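Worksheet: the structure to be examined is printed underneath.
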Amino acid sequence: MYIRVSSRKNKDNKVVKYVQLAHNVRNPKTGTPQAEVIHSFGRMDELDMDALKRLARSIQRFLGEEPTLFDGKTPELKFLSSRPMGGVWFLDGLWKRIGIDKLLEKRLKNREFRTEMERVILAMVTNRALAPSSKLGLEEWISKKVMIPGLNDLDVQHCYRAMDFLLESEEEIQHEVFNAVADLFNLEVDLLFFDTTSTYFEMDEWDDEDFKLQGHSKDSRPDLPQIVIGLAVTRDGIPIRCWSWPGNTSDMTVIPEVKRDLTGWKLGRVITVADRGFSSEGNLRVLQEAGGHYIVGERMTAGKPIVEKALAHPGRFRSVRENLEVKEVIVGDGEARVRYVLVRNPAEARRDAARREKHLEKLKAELAKLKELNGSAHSKAHCRLNSHITYKKYLKMDSKGNFKINNQVVKEMEHLDGKYLIRSSDDTLSVEDIALGYKQLLEVERAFRTLKTTLELRPVYHRKEERIRAHVLLCWLSLLLVRIAEVNTLQTWPQLRSELENMHLIEYESTDGKVYQRTEINEAQKRILFLLKIPEPAKILDISLFQRSKM
């Protein structure tokens with residue numbers, strides 16, 4: 001491309017010159033090059049030369065060169081701000097690579113929103129991953145702390161409208177996102193891991209009491225209203241679906257809904273891996289529907305006769321991994337046949353024995369003190385021991401009403417040191433695969449830890465059910481991006497976030513306008529972007545020239 005000057009003669013024979021931006025193209029008929037005008041700047045005698053100089057300087061800045069075209073002196077550049085940009089750039093790039101922006105835009109096509117709702121949803125998702133805050137705090141974060149491409153400012157009402165839209169298509173969006181991620185990253189979904197957790201709310205008042213009912217708190221906050229959250233994740237810990245239920249929902253009751261919701265996702269042959277809380281006979285039958293199978297933990301102290309037979313079954317353990325020994329146990333015949341795998345961790349067995357020995361030493365000291373007490377002091381100490389969460393399981397009462405250590409219980413506990421019992425319906429899986437598959441259930445626990453700590457799922461300050469569920473969806477989307485990043489870089493998200501946030505966007509101002517330029521990209525940042533196939537940001541991200549009035 002080049003600047004050219006063309007001449008034209010008017011009717012009064014006066015020659016007028018025009019300044020144009022042009023480039024050469026080859027004539028398809030003659031094969032000779034000819035000029036093609038891209039843009040006309042107008043008559044030379046009316047041309048705004050200052051505007052052309054500003055354009056020349058902006059082109060030089062875009063190319064990463066120092067401006068060389070000045071009117072006698074260099075315009076003073078004022079440093080206005082510096083904002084972290086690497087984290088947002090990375091998450092936005094991953095968001096677009098998965099195609100979440102397109103599927104949201106498709107659903108938003110016929111909706112009348114003045115604000116770009118897809119960008120608002122992205123802003124809330126990136127906020128959870130980079131600097132979790134309330135929706136009110138999000139306004140300041142967007143306006144002063146980061147740069148979200150395509151979103152300059154934000155009002156909290158935009159957030160609420162976006163959350164309402166997100167919830168309207170909750171199931172469809174989760175399914176479409178799963179399909180996109182599964183195709184892009186070739187997800188292995190032959191094993192699906194499922195577990196639940198709870199989270200709490202810190203509100204003086206709340207609506208929809210049927211949703212946030214009091215229940216068992218896994219965060220040790222039973223004094224606050226709770227909800228139960230379910231996650232289904234792949235063997236790599238990628239969350240493919242989330243659920244929200246009232247706080248008093250029992251783990252035993254959610255499996256039919258989870259199974260029903262995943263039906264139709266074309267997952268193929270799926271083995272669901274779940275913890276002991278989901279091992280009711282009814283749930284196990286549901287998990288076997290439509291050719292499915294399960295690997296579930298079994299409670300060893302529940303007193304079930306079939307479990308007692310499995311634990312008493314003779315046979316030797318064999319080592320399959322370091323600190324992992326297994327023994328297959330088959331109980332019953334025909335339709336009553338149940339396949340178990342008894343797992344033992346020698347290192348954990350030693351820790352269990354050491355912990356129990358410490359407890360018994362302290363308990364013996366407490367019992368010795370109890371003999372020296374009389375009257376009400378004795379009664380209070382007696383009740384305290386009888387209700388103690390650790391000591392009570394070791395105690396029994398003699399005919400005189402005195403406490404003694406129950407040696408039979410101690411022997412039974414010694415027999416269970418470092419062991420756990422797994423049940424599976426799939427006879428094609430090896431004993432090792434069953435044991436390792438169940439061990440991978442830790443990926444769900446890791447996902448919940450990320451939700452509650454890194455992404456700060458809790459505490460939640462929303463009052464309405466729909467906003468609570470939308471908040472969980474936003475956290476799920478954020479967790480999805482975080483886990484994809486971790487799996488593909490083999491780094492933790494805190495490590496990735498720390499490195500990416502060292503990339504800043506610098507804002508300068510001169511008499512001509514503003515320039516937005518990124519800092520230099522280091523090798524670690526280049527590698528992160530390369531591994532997720534996200535393009536590097538241009539050195540000059542934006543140039544905005546001030547409008548000049550003609551005299």
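Starting from 1 in every chain, residues are counted up; chains themselves are A, B, ... following the order of the structure tokens, and ligands are numbered from 1 as listed.
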
- Task: Write out as a PyMOL selection string all residues of region 101-297 of chain A that DSSP puts in strand (DSSP E) for this structure's backbone.
- Result: chain A and resi 191-200+226-233+239-246+271-274+293-297

I need the residues from that last selection saved to file as a PDB file, in the first residue's frame (with C-alpha atoms), if you can.
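Output (out06.pdb):
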```
ATOM      1  CA  LEU A 191     -15.570 -43.201  33.897  1.00  0.00           C
ATOM      2  CA  LEU A 192     -17.710 -40.469  35.463  1.00  0.00           C
ATOM      3  CA  PHE A 193     -17.133 -39.451  39.054  1.00  0.00           C
ATOM      4  CA  PHE A 194     -19.970 -37.994  41.110  1.00  0.00           C
ATOM      5  CA  ASP A 195     -20.121 -36.489  44.577  1.00  0.00           C
ATOM      6  CA  THR A 196     -21.914 -33.752  46.495  1.00  0.00           C
ATOM      7  CA  THR A 197     -20.940 -30.999  48.862  1.00  0.00           C
ATOM      8  CA  SER A 198     -22.782 -28.232  50.671  1.00  0.00           C
ATOM      9  CA  THR A 199     -22.279 -24.501  50.870  1.00  0.00           C
ATOM     10  CA  TYR A 200     -23.743 -21.867  53.143  1.00  0.00           C
ATOM     11  CA  GLN A 226     -27.401 -24.542  53.206  1.00  0.00           C
ATOM     12  CA  ILE A 227     -27.705 -25.810  49.657  1.00  0.00           C
ATOM     13  CA  VAL A 228     -26.313 -29.075  48.282  1.00  0.00           C
ATOM     14  CA  ILE A 229     -24.192 -28.999  45.115  1.00  0.00           C
ATOM     15  CA  GLY A 230     -23.484 -32.033  42.924  1.00  0.00           C
ATOM     16  CA  LEU A 231     -20.656 -32.392  40.400  1.00  0.00           C
ATOM     17  CA  ALA A 232     -20.031 -34.978  37.699  1.00  0.00           C
ATOM     18  CA  VAL A 233     -16.411 -34.931  36.524  1.00  0.00           C
ATOM     19  CA  PRO A 239     -16.537 -30.931  35.454  1.00  0.00           C
ATOM     20  CA  ILE A 240     -19.172 -31.801  32.848  1.00  0.00           C
ATOM     21  CA  ARG A 241     -22.354 -31.055  34.801  1.00  0.00           C
ATOM     22  CA  CYS A 242     -23.462 -29.460  38.077  1.00  0.00           C
ATOM     23  CA  TRP A 243     -26.663 -29.588  40.152  1.00  0.00           C
ATOM     24  CA  SER A 244     -28.147 -27.596  43.035  1.00  0.00           C
ATOM     25  CA  TRP A 245     -30.589 -28.941  45.646  1.00  0.00           C
ATOM     26  CA  PRO A 246     -32.122 -27.784  48.935  1.00  0.00           C
ATOM     27  CA  ILE A 271     -19.183 -46.473  34.818  1.00  0.00           C
ATOM     28  CA  THR A 272     -20.276 -44.119  37.574  1.00  0.00           C
ATOM     29  CA  VAL A 273     -17.878 -43.806  40.499  1.00  0.00           C
ATOM     30  CA  ALA A 274     -19.434 -42.590  43.744  1.00  0.00           C
ATOM     31  CA  HIS A 293     -22.216 -49.838  35.714  1.00  0.00           C
ATOM     32  CA  TYR A 294     -20.902 -48.535  39.013  1.00  0.00           C
ATOM     33  CA  ILE A 295     -17.906 -48.453  41.326  1.00  0.00           C
ATOM     34  CA  VAL A 296     -19.017 -47.322  44.796  1.00  0.00           C
ATOM     35  CA  GLY A 297     -17.593 -47.301  48.276  1.00  0.00           C
TER      36      GLY A 297
END
```

- Message: So that I can check the surroundings of Leu541 (chain A), please list as number ranges by chain every protein, DNA and RNA residue that reaches within 12 Å of it, counting only C-alpha atoms and ignoring chain neighbours fewer than 5 positions away.
- Response: A: 58, 61-64, 85, 89, 147, 149, 504-508, 514-519, 536

For the selection just defined, write its residues with C-alpha atoms to a file, as a PDB file, in the first residue's frame.
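again.pdb written:
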```pdb
ATOM      1  CA  SER A  58      -0.306   5.446  15.110  1.00  0.00           C
ATOM      2  CA  ARG A  61       3.207   2.499  17.251  1.00  0.00           C
ATOM      3  CA  PHE A  62       1.151  -0.453  16.011  1.00  0.00           C
ATOM      4  CA  LEU A  63       4.303  -1.858  14.376  1.00  0.00           C
ATOM      5  CA  GLY A  64       6.148  -1.502  17.663  1.00  0.00           C
ATOM      6  CA  MET A  85      -4.455  -8.329  31.364  1.00  0.00           C
ATOM      7  CA  TRP A  89      -6.798 -12.594  27.784  1.00  0.00           C
ATOM      8  CA  MET A 147      -9.799  -4.951  30.604  1.00  0.00           C
ATOM      9  CA  PRO A 149     -12.432  -7.185  25.491  1.00  0.00           C
ATOM     10  CA  HIS A 504      -0.104  -5.801  32.027  1.00  0.00           C
ATOM     11  CA  LEU A 505      -1.948  -3.357  29.797  1.00  0.00           C
ATOM     12  CA  ILE A 506      -0.320   0.100  29.911  1.00  0.00           C
ATOM     13  CA  GLU A 507      -2.418   3.191  29.118  1.00  0.00           C
ATOM     14  CA  TYR A 508      -0.600   6.287  27.795  1.00  0.00           C
ATOM     15  CA  LYS A 514      -4.450   7.482  23.951  1.00  0.00           C
ATOM     16  CA  VAL A 515      -2.431   4.353  23.313  1.00  0.00           C
ATOM     17  CA  TYR A 516      -2.997   0.967  25.011  1.00  0.00           C
ATOM     18  CA  GLN A 517       0.128  -1.201  24.903  1.00  0.00           C
ATOM     19  CA  ARG A 518       0.890  -4.539  26.578  1.00  0.00           C
ATOM     20  CA  THR A 519       4.083  -5.341  28.404  1.00  0.00           C
ATOM     21  CA  GLU A 536      -0.656 -13.753  21.779  1.00  0.00           C
TER      22      GLU A 536
END
```

Contact residues around Glu188 (chain A) with only C-alpha atoms at 10 Å, ignoring same-chain residues under 3 positions, as a PDB file with N, CA and C atoms, in the first residue's frame:
```pdb
ATOM      1  N   ALA A 182     -15.879 -31.852  24.906  1.00  0.00           N
ATOM      2  CA  ALA A 182     -15.579 -33.245  24.601  1.00  0.00           C
ATOM      3  C   ALA A 182     -14.967 -33.389  23.210  1.00  0.00           C
ATOM      4  N   PHE A 185     -11.270 -31.430  23.214  1.00  0.00           N
ATOM      5  CA  PHE A 185     -10.179 -31.996  24.018  1.00  0.00           C
ATOM      6  C   PHE A 185     -10.251 -33.518  24.144  1.00  0.00           C
ATOM      7  N   LEU A 191     -15.421 -43.261  32.447  1.00  0.00           N
ATOM      8  CA  LEU A 191     -15.570 -43.201  33.897  1.00  0.00           C
ATOM      9  C   LEU A 191     -16.071 -41.813  34.269  1.00  0.00           C
ATOM     10  N   LEU A 192     -17.196 -41.737  34.969  1.00  0.00           N
ATOM     11  CA  LEU A 192     -17.710 -40.469  35.463  1.00  0.00           C
ATOM     12  C   LEU A 192     -17.737 -40.523  36.987  1.00  0.00           C
ATOM     13  N   THR A 234     -14.921 -35.889  34.871  1.00  0.00           N
ATOM     14  CA  THR A 234     -14.216 -36.955  34.164  1.00  0.00           C
ATOM     15  C   THR A 234     -13.038 -37.437  34.997  1.00  0.00           C
ATOM     16  N   ARG A 235     -12.338 -38.463  34.482  1.00  0.00           N
ATOM     17  CA  ARG A 235     -11.186 -38.998  35.211  1.00  0.00           C
ATOM     18  C   ARG A 235     -10.076 -37.956  35.350  1.00  0.00           C
ATOM     19  N   ASP A 236     -10.055 -36.922  34.481  1.00  0.00           N
ATOM     20  CA  ASP A 236      -9.063 -35.851  34.588  1.00  0.00           C
ATOM     21  C   ASP A 236      -9.547 -34.692  35.452  1.00  0.00           C
ATOM     22  N   ILE A 238     -12.330 -32.863  34.856  1.00  0.00           N
ATOM     23  CA  ILE A 238     -13.064 -31.838  34.099  1.00  0.00           C
ATOM     24  C   ILE A 238     -14.532 -31.925  34.488  1.00  0.00           C
ATOM     25  N   LEU A 267     -23.135 -40.620  26.032  1.00  0.00           N
ATOM     26  CA  LEU A 267     -21.866 -40.854  26.709  1.00  0.00           C
ATOM     27  C   LEU A 267     -21.319 -42.251  26.459  1.00  0.00           C
TER      28      LEU A 267
END
```

- Query: With only C-alpha atoms as the atoms that count, which of A:Ser133, A:Thr32, A:Ser478, A:Asn248 lies nearest to Ile100 (chain A)?
  - Reply: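 Ranked by minimum distance to Ile100 (chain A), first place goes to A:Ser478.
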
- Rank nothing, just name the residue among A:Leu130, A:Met44, A:Leu373, A:Val343 nearest to Leu496 (chain A), using only C-alpha atoms.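 Checking each candidate against Leu496 (chain A), we get A:Leu130 as the closest.
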
- Distance query Gly87 (chain A) at most 7 Å, only C-alpha atoms, self and fewer than 4 positions along chain excluded, as a VMD selection string: chain A and resid 91 130 497 500 to 501

Keeping only C-alpha atoms, take the residues you just selected and write them out as a short mmCIF file (atom, residue, chain, number, x, y, z; two decimals), in the first residue's frame.
```
data_model
loop_
_atom_site.label_atom_id
_atom_site.label_comp_id
_atom_site.auth_asym_id
_atom_site.auth_seq_id
_atom_site.Cartn_x
_atom_site.Cartn_y
_atom_site.Cartn_z
CA LEU A 91 -9.56 -17.11 29.82
CA LEU A 130 -8.94 -14.21 38.97
CA ARG A 497 -2.78 -17.09 37.37
CA LEU A 500 -0.37 -14.60 33.51
CA GLU A 501 -1.28 -11.63 35.68
#
```

- Residue nearest Glu366 (chain A) among A:Ile405, A:Ala129, A:Leu455, A:Val341 (counting only C-alpha atoms): A:Ile405

- Task: Tell me which of A:His39, A:Arg483, A:Arg54, A:Arg128 sits closest to Gly513 (chain A), counting only C-alpha atoms.
- Result: A:Arg54

- In terms of the shortest atom-to-atom distance over only C-alpha atoms, which of A:Met503, A:Ile148, A:Ile540, A:Leu108 is closest to Glu65 (chain A)? A:Ile540

- Query: Could you name the residues that touch Glu414 (chain A) at 10 Å or less, counting only C-alpha atoms, but leaving out those on the same chain fewer than 4 positions away, as a ChimeraX atom specification?
  - Reply: /A:349,352-353,356,408-410,418

- Item | Close residues, Asn127 (chain A) itself excluded, 12 Å, only C-alpha atoms, min 6 positions apart in chain, as a ChimeraX atom specification | /A:87-88,91-92,120-121,133-142,145-148,454-457,474-475,477-479,497

- Message: So that I can check the secondary structure, give me every residue of region 305-424 of chain A assigned alpha helix (DSSP H) by backbone DSSP, as a ChimeraX atom specification.
- Response: /A:305-312,346-372,375-386,407-415

Writing out the chosen residues with C-alpha atoms as a short mmCIF file (atom, residue, chain, number, x, y, z; two decimals), in the first residue's frame:
```cif
data_model
loop_
_atom_site.label_atom_id
_atom_site.label_comp_id
_atom_site.auth_asym_id
_atom_site.auth_seq_id
_atom_site.Cartn_x
_atom_site.Cartn_y
_atom_site.Cartn_z
CA PRO A 305 -24.36 -59.11 56.85
CA ILE A 306 -23.05 -59.15 53.27
CA VAL A 307 -20.35 -56.64 54.22
CA GLU A 308 -19.39 -58.71 57.27
CA LYS A 309 -18.95 -61.74 54.97
CA ALA A 310 -16.79 -59.74 52.60
CA LEU A 311 -14.53 -58.49 55.40
CA ALA A 312 -14.19 -62.00 56.87
CA PRO A 346 -0.07 -50.06 54.62
CA ALA A 347 1.10 -46.49 55.28
CA GLU A 348 -2.45 -45.42 56.21
CA ALA A 349 -2.78 -48.53 58.43
CA ARG A 350 0.25 -47.41 60.43
CA ARG A 351 -1.21 -43.92 60.77
CA ASP A 352 -4.57 -45.33 61.92
CA ALA A 353 -2.83 -47.46 64.56
CA ALA A 354 -0.76 -44.51 65.82
CA ARG A 355 -3.81 -42.24 66.06
CA ARG A 356 -5.81 -44.87 67.94
CA GLU A 357 -2.93 -45.46 70.39
CA LYS A 358 -2.84 -41.73 71.21
CA HIS A 359 -6.60 -41.68 71.72
CA LEU A 360 -6.47 -44.68 74.06
CA GLU A 361 -3.65 -43.17 76.11
CA LYS A 362 -5.66 -39.98 76.62
CA LEU A 363 -8.80 -41.97 77.36
CA LYS A 364 -7.02 -44.04 80.05
CA ALA A 365 -5.88 -40.80 81.68
CA GLU A 366 -9.46 -39.45 81.60
CA LEU A 367 -10.82 -42.67 83.16
CA ALA A 368 -8.21 -42.48 85.92
CA LYS A 369 -9.32 -38.91 86.72
CA LEU A 370 -12.95 -40.02 86.69
CA LYS A 371 -12.33 -42.46 89.56
CA GLU A 372 -11.09 -39.62 91.74
CA GLY A 375 -20.92 -36.12 93.12
CA SER A 376 -21.88 -33.65 90.38
CA ALA A 377 -18.28 -33.32 89.15
CA HIS A 378 -18.23 -37.06 88.48
CA SER A 379 -21.57 -36.90 86.65
CA LYS A 380 -20.45 -34.04 84.41
CA ALA A 381 -17.17 -35.76 83.54
CA HIS A 382 -19.07 -39.02 82.95
CA CYS A 383 -21.47 -37.33 80.49
CA ARG A 384 -18.65 -35.51 78.74
CA LEU A 385 -16.81 -38.76 78.02
CA ASN A 386 -20.00 -40.54 76.97
CA ASN A 407 -11.23 -54.20 74.01
CA GLN A 408 -13.47 -56.06 71.55
CA VAL A 409 -14.18 -52.81 69.67
CA VAL A 410 -10.47 -51.96 69.68
CA LYS A 411 -9.67 -55.34 68.07
CA GLU A 412 -12.36 -54.82 65.43
CA MET A 413 -10.94 -51.40 64.58
CA GLU A 414 -7.42 -52.83 64.35
CA HIS A 415 -8.75 -55.27 61.75
#
```
